[in-house]
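Source file: data.txt. Holds: compact mmCIF, C-alpha atoms and all ligand atoms.
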# COMPACT_ATOMS: atom_id res chain seq x y z
CA MET A 1425 172.87 111.12 106.48
CA ASN A 1426 173.66 109.09 109.54
CA GLU A 1427 177.01 110.43 110.61
CA ILE A 1428 177.45 112.36 113.82
CA VAL A 1429 180.19 114.72 114.93
CA ASP A 1430 181.55 112.05 117.26
CA ASP A 1431 182.52 109.95 114.23
CA TYR A 1432 185.28 112.50 113.60
CA ARG A 1433 188.36 113.66 115.48
CA LEU A 1434 190.47 116.79 115.15
CA VAL A 1435 194.18 115.98 115.18
CA LEU A 1436 196.48 118.82 116.20
CA GLY A 1437 200.15 118.08 116.60
CA GLY A 1438 199.70 114.52 117.80
CA SER A 1439 196.70 115.22 120.09
CA GLU A 1440 193.15 114.12 119.24
CA TYR A 1441 190.08 116.15 120.14
CA VAL A 1442 186.32 115.93 119.73
CA PRO A 1443 186.08 118.33 116.77
CA ILE A 1444 184.11 121.01 118.61
CA MET A 1445 185.82 124.26 119.50
CA ILE A 1446 183.90 126.79 121.57
CA GLY A 1447 184.97 130.19 120.30
CA GLY A 1448 186.34 132.97 122.46
CA MET A 1449 183.68 135.40 123.62
CA GLY A 1450 185.02 138.53 125.24
CA VAL A 1451 184.77 139.96 127.79
CA ASP A 1452 184.50 136.87 129.95
CA ILE A 1453 181.36 135.52 128.27
CA SER A 1454 183.34 132.40 127.43
CA THR A 1455 184.27 132.06 131.09
CA VAL A 1456 186.90 129.81 132.58
CA ASP A 1457 184.13 127.40 133.65
CA LEU A 1458 182.72 127.24 130.14
CA ALA A 1459 186.13 126.63 128.57
CA LEU A 1460 187.01 124.00 131.19
CA GLU A 1461 183.82 122.10 130.39
CA ALA A 1462 184.78 121.91 126.71
CA ALA A 1463 188.20 120.54 127.69
CA ARG A 1464 186.70 118.04 130.14
CA LEU A 1465 184.46 116.73 127.38
CA GLY A 1466 187.39 116.27 125.01
CA GLY A 1467 186.93 119.36 122.88
CA ILE A 1468 188.58 122.77 122.86
CA GLY A 1469 187.36 125.75 124.88
CA HIS A 1470 188.53 129.33 124.74
CA ILE A 1471 188.99 132.01 127.29
CA SER A 1472 189.47 135.53 125.95
CA ASP A 1473 192.24 137.90 126.93
CA ALA A 1474 190.16 141.02 126.32
CA MET A 1475 190.28 143.21 129.42
CA SER A 1476 192.44 140.80 131.37
CA LEU A 1477 193.05 143.44 134.06
CA LEU A 1478 189.32 143.63 134.79
CA VAL A 1479 188.90 139.86 134.62
CA SER A 1480 191.73 139.43 137.14
CA ASP A 1481 190.27 142.10 139.45
CA GLN A 1482 186.91 140.35 139.39
CA ALA A 1483 188.32 136.85 139.85
CA PHE A 1484 191.14 137.47 142.32
CA GLY A 1485 190.43 140.85 143.93
CA THR A 1486 193.51 142.47 142.37
CA ARG A 1487 193.31 146.28 141.94
CA PHE A 1488 194.76 146.69 138.46
CA ILE A 1489 191.95 148.88 137.09
CA LYS A 1490 192.02 151.23 140.06
CA ALA A 1491 195.79 151.60 139.71
CA LYS A 1492 195.55 152.24 135.96
CA SER A 1493 192.83 154.82 136.43
CA ALA A 1494 194.86 156.65 139.10
CA ARG A 1495 198.05 156.58 137.01
CA ASN A 1496 196.28 158.09 134.00
CA ALA A 1497 194.06 160.52 135.92
CA ALA A 1498 195.61 163.61 134.28
CA SER A 1499 193.86 163.02 130.97
CA LYS A 1500 190.39 162.39 132.42
CA ALA A 1501 188.98 165.87 131.82
CA GLY A 1502 190.09 166.26 128.20
CA LEU A 1503 189.89 164.32 124.97
CA ASP A 1504 193.64 164.00 124.36
CA LYS A 1505 194.34 160.42 125.38
CA SER A 1506 197.81 160.18 123.90
CA MET A 1507 199.34 159.88 127.39
CA VAL A 1508 197.15 156.95 128.50
CA THR A 1509 199.28 153.86 129.00
CA PHE A 1510 199.03 150.33 130.31
CA ASP A 1511 201.55 149.21 132.92
CA LEU A 1512 203.12 146.29 131.08
CA GLY A 1513 204.06 144.58 134.35
CA ASP A 1514 200.45 144.64 135.51
CA LEU A 1515 199.27 143.45 132.12
CA ARG A 1516 201.70 140.55 132.20
CA GLU A 1517 200.73 139.58 135.73
CA ALA A 1518 196.97 139.73 135.06
CA GLN A 1519 197.24 137.63 131.92
CA ARG A 1520 199.53 135.03 133.49
CA ARG A 1521 197.35 134.82 136.59
CA ASN A 1522 194.13 134.33 134.57
CA VAL A 1523 195.71 131.65 132.41
CA GLU A 1524 197.48 129.81 135.23
CA ALA A 1525 194.30 129.68 137.31
CA THR A 1526 192.46 128.23 134.32
CA ILE A 1527 195.02 125.64 133.33
CA SER A 1528 195.53 124.47 136.92
CA ARG A 1529 191.86 123.38 137.01
CA LYS A 1530 191.81 121.62 133.65
CA THR A 1531 190.59 118.03 133.47
CA GLY A 1532 189.83 115.69 130.57
CA ASP A 1533 191.52 115.12 127.24
CA GLY A 1534 190.61 118.42 125.65
CA ALA A 1535 192.39 121.77 125.64
CA VAL A 1536 191.94 125.39 126.63
CA PHE A 1537 193.08 128.05 124.19
CA ILE A 1538 193.04 131.82 124.51
CA ASN A 1539 191.54 134.23 121.99
CA VAL A 1540 193.84 137.19 121.39
CA MET A 1541 192.43 140.09 119.36
CA GLU A 1542 194.96 142.23 117.53
CA LYS A 1543 192.47 145.08 117.14
CA LEU A 1544 192.71 145.81 120.87
CA ALA A 1545 195.59 148.20 120.27
CA MET A 1546 195.68 149.51 123.87
CA GLY A 1547 197.56 152.66 122.83
CA ALA A 1548 200.76 150.67 122.18
CA PRO A 1549 199.84 147.79 119.86
CA ILE A 1550 203.17 146.02 119.58
CA ASP A 1551 204.33 146.20 123.20
CA THR A 1552 200.97 145.20 124.69
CA LEU A 1553 200.43 142.38 122.21
CA ARG A 1554 203.88 140.94 122.92
CA VAL A 1555 203.16 140.94 126.66
CA ARG A 1556 199.71 139.38 126.19
CA LEU A 1557 201.09 136.57 124.04
CA GLU A 1558 204.17 135.90 126.17
CA ALA A 1559 202.21 135.90 129.43
CA ALA A 1560 199.62 133.49 128.04
CA LEU A 1561 202.41 131.10 127.10
CA ASP A 1562 204.10 131.60 130.49
CA GLY A 1563 200.80 130.76 132.20
CA GLY A 1564 200.69 127.42 130.39
CA ILE A 1565 197.91 128.03 127.85
CA ASP A 1566 197.45 125.09 125.46
CA GLY A 1567 196.97 127.28 122.42
CA LEU A 1568 196.78 130.83 121.06
CA THR A 1569 193.98 131.74 118.66
CA LEU A 1570 194.96 134.98 116.93
CA SER A 1571 191.88 136.98 115.94
CA ALA A 1572 190.52 140.36 114.84
CA GLY A 1573 193.42 141.38 112.65
CA LEU A 1574 195.98 140.12 110.16
CA HIS A 1575 198.56 139.36 112.89
CA ASN A 1576 201.38 139.66 110.41
CA HIS A 1577 203.82 140.61 113.18
CA SER A 1578 202.44 138.51 116.04
CA LEU A 1579 204.50 135.36 115.54
CA GLY A 1580 207.69 137.39 115.31
CA LEU A 1581 206.91 138.90 118.72
CA ILE A 1582 207.10 135.51 120.46
CA GLU A 1583 209.59 133.76 118.21
CA GLY A 1584 212.09 133.53 121.08
CA HIS A 1585 209.65 132.11 123.63
CA ALA A 1586 210.47 128.62 124.91
CA ARG A 1587 206.91 127.44 124.13
CA PHE A 1588 206.72 129.00 120.65
CA ARG A 1589 206.85 125.61 118.94
CA ASP A 1590 205.07 123.49 121.52
CA ALA A 1591 201.89 125.54 122.16
CA LYS A 1592 199.27 125.30 119.41
CA ILE A 1593 198.82 128.47 117.38
CA GLY A 1594 195.92 129.25 115.07
CA ILE A 1595 194.62 132.22 113.13
CA ILE A 1596 191.07 133.37 112.42
CA VAL A 1597 190.55 134.60 108.85
CA SER A 1598 187.59 135.46 106.69
CA SER A 1599 189.33 135.20 103.32
CA VAL A 1600 192.18 133.49 101.47
CA ARG A 1601 193.76 136.92 101.12
CA ALA A 1602 194.05 137.33 104.91
CA LEU A 1603 195.43 133.80 105.24
CA ARG A 1604 198.07 134.49 102.59
CA VAL A 1605 199.28 137.56 104.51
CA PHE A 1606 199.53 135.56 107.74
CA LEU A 1607 201.32 132.63 106.10
CA ARG A 1608 203.91 134.97 104.64
CA SER A 1609 204.77 136.16 108.15
CA ALA A 1610 204.60 132.60 109.51
CA ARG A 1611 207.12 131.41 106.94
CA ARG A 1612 209.50 134.18 107.97
CA VAL A 1613 209.75 132.58 111.44
CA ARG A 1614 209.37 129.00 110.14
CA ARG A 1615 206.29 128.41 112.27
CA LEU A 1616 203.14 127.51 110.33
CA PRO A 1617 199.78 127.68 112.12
CA ASP A 1618 198.43 124.43 113.59
CA TYR A 1619 194.85 125.33 112.54
CA VAL A 1620 192.97 127.97 110.61
CA VAL A 1621 189.54 129.12 111.76
CA VAL A 1622 187.48 130.46 108.85
CA GLU A 1623 184.85 132.82 110.20
CA GLY A 1624 181.94 133.53 107.90
CA PRO A 1625 179.43 136.38 107.76
CA LEU A 1626 176.88 134.85 110.18
CA ALA A 1627 179.29 134.77 113.16
CA GLY A 1628 178.82 136.64 116.41
CA GLY A 1629 180.45 139.88 117.45
CA HIS A 1630 182.90 141.66 115.15
CA LEU A 1631 182.96 140.46 111.54
CA GLY A 1632 186.07 140.31 109.36
CA PHE A 1633 184.16 141.78 106.41
CA GLY A 1634 183.12 145.22 105.23
CA ASP A 1635 179.57 146.45 104.86
CA ASP A 1636 179.17 143.93 102.03
CA TRP A 1637 179.34 141.05 104.57
CA HIS A 1638 175.98 139.65 103.35
CA GLU A 1639 177.44 138.92 99.92
CA TYR A 1640 179.67 136.17 101.35
CA ARG A 1641 178.95 132.55 102.25
CA LEU A 1642 180.90 130.55 104.83
CA GLU A 1643 180.86 127.36 102.71
CA THR A 1644 182.37 129.18 99.71
CA ILE A 1645 185.18 130.74 101.74
CA VAL A 1646 185.93 127.39 103.40
CA ASP A 1647 186.13 125.71 99.95
CA GLU A 1648 188.46 128.46 98.76
CA VAL A 1649 190.70 128.12 101.83
CA LEU A 1650 190.82 124.32 101.48
CA ALA A 1651 191.72 124.62 97.78
CA PHE A 1652 194.38 127.23 98.55
CA LEU A 1653 195.99 125.08 101.26
CA ARG A 1654 195.98 122.07 98.90
CA SER A 1655 197.63 124.15 96.20
CA GLU A 1656 200.32 125.14 98.70
CA GLU A 1657 200.65 121.49 99.80
CA LEU A 1658 199.86 122.49 103.38
CA ASP A 1659 198.05 120.02 105.59
CA ILE A 1660 196.52 122.39 108.16
CA PRO A 1661 193.07 121.70 109.68
CA VAL A 1662 190.45 124.22 108.65
CA ILE A 1663 187.77 125.09 111.22
CA PRO A 1664 184.65 126.87 109.92
CA ALA A 1665 182.74 129.23 112.25
CA GLY A 1666 179.57 131.26 112.01
CA GLY A 1667 176.02 129.94 111.90
CA ILE A 1668 176.78 126.28 112.68
CA PHE A 1669 173.76 125.73 114.88
CA THR A 1670 173.09 121.97 114.92
CA GLY A 1671 175.25 118.88 115.13
CA THR A 1672 174.19 118.10 111.59
CA ASP A 1673 175.40 121.53 110.38
CA ALA A 1674 178.73 120.56 111.95
CA VAL A 1675 178.74 117.12 110.27
CA GLU A 1676 178.12 118.79 106.89
CA SER A 1677 181.20 120.97 107.47
CA LEU A 1678 183.29 117.95 108.47
CA GLN A 1679 182.13 116.03 105.40
CA ALA A 1680 183.15 118.99 103.25
CA GLY A 1681 186.71 118.71 104.55
CA ALA A 1682 186.76 120.72 107.77
CA GLY A 1683 188.89 119.46 110.67
CA ALA A 1684 186.48 120.73 113.33
CA VAL A 1685 183.91 123.51 113.80
CA GLN A 1686 184.03 126.61 115.98
CA VAL A 1687 180.72 127.51 117.62
CA ALA A 1688 179.69 130.19 120.09
CA THR A 1689 176.12 131.51 119.97
CA ARG A 1690 174.58 128.26 121.26
CA PHE A 1691 176.77 128.65 124.38
CA THR A 1692 175.93 132.29 125.16
CA ILE A 1693 172.96 131.12 127.22
CA ALA A 1694 174.69 128.17 128.90
CA SER A 1695 174.59 128.18 132.68
CA GLU A 1696 178.40 128.63 132.65
CA SER A 1697 178.35 131.62 130.25
CA GLY A 1698 179.36 134.96 131.77
CA LEU A 1699 176.32 136.89 130.50
CA SER A 1700 173.86 138.05 133.12
CA GLU A 1701 170.59 136.16 133.59
CA ARG A 1702 168.78 139.20 132.17
CA ALA A 1703 170.93 139.21 129.04
CA LYS A 1704 170.48 135.45 128.57
CA GLN A 1705 166.70 135.80 128.70
CA THR A 1706 166.93 138.66 126.18
CA TYR A 1707 168.90 136.37 123.85
CA PHE A 1708 166.21 133.68 124.19
CA ARG A 1709 163.39 136.11 123.43
CA ALA A 1710 165.13 137.62 120.39
CA ASP A 1711 163.42 137.47 117.02
CA GLU A 1712 165.25 137.57 113.72
CA SER A 1713 164.28 141.23 113.31
CA ASP A 1714 166.12 142.09 116.57
CA VAL A 1715 169.50 141.08 115.12
CA VAL A 1716 171.50 143.94 113.58
CA VAL A 1717 174.92 144.27 112.01
CA SER A 1718 175.94 147.69 113.15
CA SER A 1719 178.73 150.16 112.43
CA VAL A 1720 178.90 151.43 116.02
CA SER A 1721 182.13 149.67 116.95
CA PRO A 1722 185.10 152.05 117.13
CA THR A 1723 187.28 149.24 115.71
CA GLY A 1724 185.76 149.90 112.29
CA TYR A 1725 184.57 146.28 111.94
CA PRO A 1726 180.83 145.57 111.55
CA LEU A 1727 179.43 144.25 114.83
CA ARG A 1728 176.51 141.79 115.05
CA MET A 1729 174.42 142.39 118.12
CA LEU A 1730 170.87 142.70 119.43
CA ALA A 1731 169.19 146.00 118.60
CA GLY A 1732 168.10 146.35 122.24
CA SER A 1733 171.67 146.30 123.60
CA PRO A 1734 171.96 148.71 126.56
CA CYS A 1735 175.20 150.17 125.16
CA LEU A 1736 173.49 151.81 122.17
CA ASP A 1737 172.80 155.56 122.22
CA SER A 1738 174.59 155.96 125.53
CA ASN A 1739 176.29 159.20 126.53
CA ILE A 1740 178.95 157.60 128.67
CA ARG A 1741 182.18 159.62 128.99
CA PRO A 1742 185.07 157.82 127.22
CA GLN A 1743 186.53 155.24 129.61
CA CYS A 1744 190.16 155.43 128.47
CA GLU A 1745 191.76 155.93 131.87
CA PRO A 1746 190.52 152.75 133.57
CA PHE A 1747 190.37 150.77 130.30
CA GLY A 1748 191.57 152.24 126.98
CA TYR A 1749 191.62 148.95 125.09
CA ALA A 1750 190.40 150.45 121.81
CA LEU A 1751 192.98 153.27 121.76
CA GLN A 1752 195.20 153.34 118.69
CA ALA A 1753 198.88 154.24 118.97
CA GLY A 1754 198.82 157.98 119.55
CA GLY A 1755 195.59 157.88 121.54
CA GLY A 1756 192.85 157.94 118.88
CA CYS A 1757 189.53 156.12 119.16
CA GLN A 1758 186.48 156.62 116.96
CA TYR A 1759 184.31 156.92 120.06
CA LEU A 1760 186.35 159.93 121.20
CA ASP A 1761 185.59 161.62 117.86
CA ALA A 1762 181.90 160.73 118.04
CA TRP A 1763 181.71 161.98 121.63
CA ALA A 1764 183.42 165.25 120.68
CA ALA A 1765 181.00 165.78 117.78
CA THR A 1766 177.88 165.18 119.88
CA PRO A 1767 176.32 168.35 121.36
CA THR A 1768 175.11 168.85 124.91
CA ASP A 1769 171.57 169.76 125.98
CA ALA A 1770 170.54 173.10 127.51
CA ARG A 1771 171.77 171.95 130.93
CA GLY A 1772 175.16 170.98 129.59
CA HIS A 1773 174.55 167.21 129.56
CA LYS A 1774 175.95 165.25 126.64
CA LEU A 1775 173.20 164.02 124.31
CA PRO A 1776 173.20 160.33 123.31
CA VAL A 1777 176.09 159.40 121.02
CA HIS A 1778 174.51 157.57 118.08
CA GLU A 1779 177.42 156.90 115.75
CA LYS A 1780 179.75 154.86 117.99
CA ILE A 1781 179.81 153.07 121.32
CA CYS A 1782 182.47 153.21 124.00
CA LEU A 1783 183.60 149.63 123.42
CA CYS A 1784 185.39 149.48 126.78
CA HIS A 1785 182.31 150.54 128.69
CA ALA A 1786 180.01 148.32 126.60
CA PHE A 1787 182.11 145.21 127.09
CA SER A 1788 183.11 145.83 130.71
CA THR A 1789 179.44 146.20 131.71
CA LYS A 1790 178.34 143.43 129.31
CA GLY A 1791 175.98 145.98 127.80
CA CYS A 1792 176.72 144.90 124.23
CA TYR A 1793 174.56 141.90 123.36
CA ALA A 1794 176.89 140.50 120.70
CA CYS A 1795 175.42 137.42 119.01
CA GLY A 1796 175.53 135.26 115.94
CA HIS A 1797 172.85 135.51 113.28
CA TYR A 1798 170.93 132.48 114.60
CA VAL A 1799 170.50 133.86 118.12
CA TYR A 1800 166.74 133.90 117.45
CA ARG A 1801 166.74 130.08 117.32
CA LEU A 1802 168.00 129.72 120.90
CA LYS A 1803 164.42 129.57 122.18
CA ASP A 1804 164.10 126.23 120.33
CA THR A 1805 167.00 124.73 122.29
CA THR A 1806 165.42 124.62 125.76
CA HIS A 1807 162.18 124.66 127.80
CA ARG A 1808 160.07 127.72 128.43
CA ARG A 1809 159.02 127.99 132.06
CA ASP A 1810 155.48 128.82 133.12
CA ASP A 1811 156.53 132.39 133.94
CA GLY A 1812 157.73 132.87 130.34
CA SER A 1813 161.44 132.69 131.13
CA TYR A 1814 163.70 130.03 129.62
CA GLN A 1815 165.64 127.26 131.34
CA LEU A 1816 169.44 127.55 130.95
CA PRO A 1817 171.03 124.41 129.50
CA SER A 1818 174.47 123.42 130.74
CA THR A 1819 177.60 123.66 128.60
CA GLN A 1820 177.80 119.86 128.76
CA HIS A 1821 174.29 119.52 127.37
CA ILE A 1822 174.93 121.86 124.43
CA PHE A 1823 178.34 120.34 123.70
CA GLU A 1824 176.93 116.80 123.67
CA ASP A 1825 174.01 117.91 121.53
CA TYR A 1826 176.52 119.05 118.90
CA GLN A 1827 178.53 115.85 119.39
CA PHE A 1828 175.76 113.26 119.14
CA SER A 1829 172.67 114.71 117.42
CA ARG A 1830 171.36 113.62 114.03
CA GLY A 1831 169.01 114.94 111.39
CA HIS A 1832 169.27 118.59 112.51
CA GLU A 1833 167.53 117.65 115.73
CA ILE A 1834 168.29 119.61 118.88
CA ALA A 1835 167.94 117.70 122.15
CA LEU A 1836 166.29 119.74 124.89
CA PRO A 1837 167.84 119.58 128.38
CA GLN A 1838 166.23 117.56 131.19
CA PRO A 1839 163.30 119.69 132.41
CA GLU A 1840 163.92 121.36 135.76
CA PRO A 1841 162.02 119.87 138.69
CA GLU A 1842 158.73 121.67 139.47
CA PRO A 1843 159.25 124.19 142.28
CA THR A 1844 157.88 122.78 145.54
CA HIS A 1845 155.46 124.97 147.47
CA ALA A 1846 155.54 124.79 151.28
C1 LIG B 1901 178.81 136.98 122.41
C2 LIG B 1901 179.94 136.71 121.45
C3 LIG B 1901 181.18 137.29 121.69
C4 LIG B 1901 182.25 137.02 120.83
N1 LIG B 1901 183.48 137.56 121.11
C5 LIG B 1901 184.54 137.25 120.32
C6 LIG B 1901 185.84 137.71 120.67
O1 LIG B 1901 186.03 138.35 121.71
N2 LIG B 1901 186.86 137.40 119.84
C7 LIG B 1901 186.67 136.66 118.69
O2 LIG B 1901 187.62 136.40 117.97
N3 LIG B 1901 185.46 136.19 118.36
C8 LIG B 1901 184.39 136.46 119.15
N4 LIG B 1901 183.16 135.94 118.84
C9 LIG B 1901 183.03 135.04 117.67
C10 LIG B 1901 183.03 133.56 118.12
O3 LIG B 1901 184.23 133.21 118.77
C11 LIG B 1901 182.76 132.54 116.99
O4 LIG B 1901 183.81 132.47 116.06
C12 LIG B 1901 181.48 132.79 116.20
O5 LIG B 1901 180.52 133.52 116.92
C13 LIG B 1901 180.90 131.43 115.78
O6 LIG B 1901 179.66 131.57 115.18
P1 LIG B 1901 178.28 131.22 115.97
O7 LIG B 1901 178.19 132.20 117.08
O8 LIG B 1901 177.24 131.43 114.92
O9 LIG B 1901 178.36 129.82 116.45
C14 LIG B 1901 182.07 136.19 119.69
C15 LIG B 1901 180.81 135.62 119.46
C16 LIG B 1901 179.75 135.86 120.34
C17 LIG B 1901 178.42 135.23 120.07
Starting from the file, lay out its structure as structure tokens.
Amino acid sequence: MNEIVDDYRLVLGGSEYVPIMIGGMGVDISTVDLALEAARLGGIGHISDAMSLLVSDQAFGTRFIKAKSARNAASKAGLDKSMVTFDLGDLREAQRRNVEATISRKTGDGAVFINVMEKLAMGAPIDTLRVRLEAALDGGIDGLTLSAGLHNHSLGLIEGHARFRDAKIGIIVSSVRALRVFLRSARRVRRLPDYVVVEGPLAGGHLGFGDDWHEYRLETIVDEVLAFLRSEELDIPVIPAGGIFTGTDAVESLQAGAGAVQVATRFTIASESGLSERAKQTYFRADESDVVVSSVSPTGYPLRMLAGSPCLDSNIRPQCEPFGYALQAGGGCQYLDAWAATPTDARGHKLPVHEKICLCHAFSTKGCYACGHYVYRLKDTTHRRDDGSYQLPSTQHIFEDYQFSRGHEIALPQPEPEPTHA
């Protein structure tokens, strides 16, 4: 097989892209810089809107988290979080600010989309989701990728927005059944998706499957989705995701009828990724046996991560007042229940909570080492330094490796210059 990814183009609403989409990685792992590189190189990058208040505080010195914490201080001592709310004005401003700042720096022929997870219910799922979607469009985002949920009301929430028909909109599904549900709602507002990402069981982070995730195969689901769209006479590009590790893996998907591929794990260790240097080196060192699919997420979805993630077995007090992203309407969160059920030691200190993690704390501190199944192959994508650490490749290097490589080869980055000793 001699084809390379660059022989193909993804066409979305009259625009042509290199058919490589870098998936959203919350919270701020797929940074603005990482997404902008994908766009500069002609592909599609994603920022994520998870914890946009925190991302804005860190990028622009706003004080949204402090204000939210102070406003909700009354519920701090107890476990009733039904009164915790987001200020919708702040949420709108943070989202718009993050998106505007990103889009204003965009170069190249590619695009920057935003990943919007429905499962982040934020205590008021409909109101907060509407604001997140509207503000992303107001900020000028090129596209909305709807993820982590069926999103069967999401399009209706922004039907009246001036950019509803001009921005690209896509949905992430893991089955034909989920796609059918979304299309039913899309037809109600006469706005079909511009692309469908099909995420398989080897993907990173939360999985759209139950505990039987290992019984599924990405290729089979993609074939089923393609056949379903043909039967409906719908010409919508299908974008497989999950375990596409080499350019040749991507070419095989494109030959099988995909419009592009969505990839993420290869980019977790890019110099532009938002993970800490320590986390990146942990990803490089990982062996296959370090990768777990765990039930600790309070969202109820299985979560693929490294077994050594700092967030596991923590006894952190629930962080609903400053954050509260995982709160259901009415104030419930599975971590609150797990926390309540965990006893204290003789000195009154909470013992480690095994069953669930505080997702807000885990993601805000980047203590959850979410990863795709093939994280243990990252060590084969770069050079090992003399001190045992690994050199970080750039986003450009990884992107172009996907774009131009053949025969399942992975090009290593230019070796770093030897350190000079005075
Ligand atoms: C560290 C990490 C964080 C992720 N976070 C999100 C997220 O916030 N929202 C989402 O829809 N998908 C998320 N994903 C899934 C990716 O966007 C992508 O679809 C998937 O990981 C592709 O498979 P690959 O990692 O094997 O290339 C995440 C993946 C990783 C590795």
Exercise. Hey, what's within 10 Å of Val1613 of chain A if we count only C-alpha atoms and toss same-chain stuff fewer than 2 positions away? As a count of residues only, please?
Worked result: 12
Exercise. Of the candidates A:Leu1658, A:Val1451, A:Val1649, A:Ala1501, which one gets nearest to ligand LIG 1901 (chain B) if we count all atoms listed in the file?
Worked result: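 Ranked by minimum distance to ligand LIG 1901 (chain B), first place goes to A:Val1451.
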Exercise. What lies within 7 Å of Arg1464 of chain A using only C-alpha atoms, ignoring chain neighbours under 4 positions off, as a list in words?
Worked result: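 Skipping anything fewer than 4 positions along the chain leaves Leu1460, Thr1531, Gly1532, Asp1533 and Gly1534 of chain A.
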Problem set entry | Pick from A:Thr1486, A:Thr1723, A:Ser1829, A:Thr1689 nearest to Thr1672 of chain A, counting only C-alpha atoms | A:Ser1829
For this session: Let me have all residues with an atom within 9 Å of ligand LIG 1901 (chain B), counting all atoms listed in the file, laid out as a count of residues only.
Result: 58
